[in-house]
Every structure is written in structure tokens, then in C-alpha cells.
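J.: I'd like to ask some things about the structure below.
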Amino acid sequence: MNHGTTAVDRYVEKSLASVQGYLTTLDARVVAALLSLQLQKQIAGHLCEIGVHHGRLFLMLALARRAGERALAIDLFEDDAINTNTQHAGRDRALFRNARRLGIEFLEEEVWKTSSFEVQPSQILKRTTGRIRFFSVDGCHLYDAVENDLNLAEGTLGDEGIIAIDDFFNVDWADVSFATSDFLRRAKGMRAFAITSSKLFVAPAAAAEKYLSALRGRPGLGRLSTVQIMGRDVLALRQGTLKKGYEAIRELLAKRAS
């Protein structure tokens, strides 16, 4: 199958390394593959991220917008204790600077400076004008916040929508794993279909099976294997050591050049 090259693919290959953030190249390619699949299958809907930081992933969602679609950024857009006085400082202006550099424009409704604890699903749907096809959960990583954000995602997701959950199984943020596990036990219609070293991808059960099969047949995503999560097959994607080293060097060079 000829998947073609999209604006999202070009961003991953040419611009990702120049945007500060924690999104790995492997995760970016998995997200790009899923967005591409939604394009091919004409899966309509909007895009949303809680916890935008400098926009490393959110810019991918913005580039994936089709006519009539919106990408909603929900963030405090202020530096926190983790990022103050580090290379990742400046969250109040970084997204907009990066967007201007890449020629990306946002409607006023697409950038929402607020705590996700103050958000209701109906408010998200009002800003986007419809249900979400890709929802990235990457806000506060404590239990109550992850629980809240997953509930927002579930309450706004379309029938073939995807939830990407950041830092699942990260030893520094164990609450993400506990909150996500409890969510999957409660939300019976949802299931995990793919996992990397830093993200878990979830969708309604029927759509999850289709996404899993499509990723399995996608070339160039890394080393693939099958693992079990809650009694169901999930595709595990890993990056080879040489590839990981090459990507790290490329990103370092890109940061020095920017």
C-alpha cells in the first residue's frame, strides 16, 4: 500500500527535532501513522491535546486538520516546577513561536488556557464543534489529573477515535499506570491496541482491532511484537539501538542549529 507523504510526515522528518519536548521519534512516527490511517479511511473528527508544552505533538495534530476540523490545545501555558530554568522553559510563548515558524495558524477557540480540572466534555465539544478522533492525554501525571483527563477524552471521543496516553509505565510517574488501568477496567468498551516505551494507545474495541492490524502492516515503525494487556493482544513497538542512537545524534544537531 502506498501511504504517501503528508504534512505530518514532513514535520516528523524535518521539524520535530527543532521543537523542545519529550515526544520520542518512534512515538511521533506511530502518531503520524495513525493520523495517516484516519485520513485514508476518511475517519472524520477533531483533534485535542491536554498538556501541550512547546507543541511537539500538538503541532502534528494541527497539521492533520482537514477542512472543517479543529485542533484544541488545553494547557496552563505557564512554566511549572519541572520546567522552570531548564531548556524546556517558556511554555507561555513557545507553542505560538513554533507554530509561526511552521506557518500554522489557530482559531481563537483552538487555544484554551485553563486547567483541565475546570473543563467539561460539553465545553470541549463546543470549541471543536464535534467529536474527537485523536485525543492526546499528557497533562499533570498525578492520579486524579490522569483520571480526570481520561474521562474528558472518553466523553468526547468519536466511535473510531484514539486516545494516546503519555508516560504509561514510566517509573517516575507511576500514577499514570494506575489511573489508566482503573480507567480501562471501568470503560468496558475501550481497549489498548498499541504500546511503546512511553505511550499507550487506546480506542473503542472495534476500532482498536483495526488500528492494531493496520500498524502491524505498516513498514518502518520499529521492532514489533505482541504483548498481553488485560487479556487482549496489544502491539508493542520498540526502536532498535542503532536507530535510537542515530535519532539522538540527529536531534542534538538540530537543536544546535536552531
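Each chain of the C-alpha cells is named A, B, ... in the order shown, its residues numbered from 1; ligands are numbered from 1 in display order.
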Report as a list in words: the residues of segment 201-234 of chain A with a DSSP assignment of strand (DSSP E or B), based on the backbone of this structure.
T.: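 Selection result, strand (DSSP E or B) within segment 201-234 of chain A: Phe201, Val202, Ala203, Pro204, Arg223, Leu224, Ser225, Thr226, Val227, Gln228, Ile229, Arg232, Asp233 and Val234 of chain A.
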J.: Taking the backbone alone, and naming residues the way the document does, which bits of segment 13-255 of chain A are helix (DSSP H, G or I) by DSSP, as number ranges by chain?
T.: A: 13-14, 16-18, 25-40, 58-63, 94-101, 108-110, 116-118, 121-128, 143-156, 171-186, 205-216, 241-255
J.: Name the residues in contact with Leu76 of chain A at a cut-off of 7 Å, using only C-alpha atoms, excluding same-chain residues fewer than 6 positions from it; report them as a PyMOL selection string.
T.: chain A and resi 113-115
J.: Could you save those same residues with C-alpha atoms as a compact mmCIF listing (two decimals), in the first residue's frame?
T.:
# COMPACT_ATOMS: atom_id res chain seq x y z
CA LYS A 113 -5.51 28.44 28.65
CA THR A 114 -7.03 26.62 31.59
CA SER A 115 -6.67 23.71 33.99
J.: With a distance cut-off of 12 Å and only C-alpha atoms, select the neighbouring residues of Leu184 of chain A, excluding the residue or stretch itself and same-chain residues fewer than 5 positions from it, and output the selection as a ChimeraX atom specification.
T.: /A:147,150-151,154,163,165,177-179,189-193,200-205,229-232
J.: Next, dump the selected residues to file, keeping only C-alpha atoms, as a PDB file, in the first residue's frame.
T.:
ATOM      1  CA  GLU A 147      -8.374  10.102  35.797  1.00  0.00           C
ATOM      2  CA  LEU A 150      -9.158  10.235  30.542  1.00  0.00           C
ATOM      3  CA  ASN A 151     -12.788  10.871  31.459  1.00  0.00           C
ATOM      4  CA  GLU A 154     -13.829   9.251  26.776  1.00  0.00           C
ATOM      5  CA  ILE A 163      -6.588   8.203  22.991  1.00  0.00           C
ATOM      6  CA  ILE A 165      -1.693   8.296  26.992  1.00  0.00           C
ATOM      7  CA  SER A 177      -0.302   3.447  35.044  1.00  0.00           C
ATOM      8  CA  PHE A 178      -2.665   3.065  37.994  1.00  0.00           C
ATOM      9  CA  ALA A 179      -5.158   5.649  36.724  1.00  0.00           C
ATOM     10  CA  GLY A 189     -15.888  -0.517  25.599  1.00  0.00           C
ATOM     11  CA  MET A 190     -12.293   0.712  25.418  1.00  0.00           C
ATOM     12  CA  ARG A 191      -9.168  -1.372  24.845  1.00  0.00           C
ATOM     13  CA  ALA A 192      -5.459  -0.823  24.382  1.00  0.00           C
ATOM     14  CA  PHE A 193      -4.114  -1.679  20.938  1.00  0.00           C
ATOM     15  CA  LEU A 200      -0.242   3.613  25.401  1.00  0.00           C
ATOM     16  CA  PHE A 201      -2.784   3.894  22.582  1.00  0.00           C
ATOM     17  CA  VAL A 202      -6.441   3.127  23.316  1.00  0.00           C
ATOM     18  CA  ALA A 203      -9.615   3.102  21.221  1.00  0.00           C
ATOM     19  CA  PRO A 204     -13.156   1.686  21.236  1.00  0.00           C
ATOM     20  CA  ALA A 205     -12.873  -2.083  20.862  1.00  0.00           C
ATOM     21  CA  ILE A 229      -2.725  -6.254  28.410  1.00  0.00           C
ATOM     22  CA  MET A 230      -5.825  -7.228  30.378  1.00  0.00           C
ATOM     23  CA  GLY A 231      -6.151 -10.437  28.413  1.00  0.00           C
ATOM     24  CA  ARG A 232      -6.044  -8.848  24.953  1.00  0.00           C
TER      25      ARG A 232
END
J.: What does the structure give for the distance between atom CA of Glu118 of chain A and atom CA of Lys199 of chain A, in Å to one decimal?
T.: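 Rounded to one decimal, the two atoms are 24.9 Å apart.
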J.: Within 6 Å of segment 129-143 of chain A, counting only C-alpha atoms, which residues show up once you throw out same-chain ones fewer than 4 positions away? Write them as a ChimeraX atom specification, please.
T.: /A:45-51,125,156-158,161-166,175-176,179
J.: Tell me, in Å to one decimal, how far atom CA of Arg97 of chain A is from atom CA of Ser198 of chain A.
T.: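 Interatomic distance here is 26.3 Å.
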J.: A:Ala194, A:Val227, A:Ala99, A:Ala17: which is nearest Glu209 of chain A, counting only C-alpha atoms?
T.: A:Ala194
J.: Please report the interatomic distance between atom CA of Lys41 of chain A and atom CA of Glu160 of chain A in Å with one decimal.
T.: 10.3 Å
J.: Which residue, A:Thr25, A:Asn148, A:Ser213, A:Asn170, has the smallest gap to Asp182 of chain A when you use only C-alpha atoms?
T.: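 Looking only at the distances to Asp182 of chain A, the closest residue turns out to be A:Asn148.
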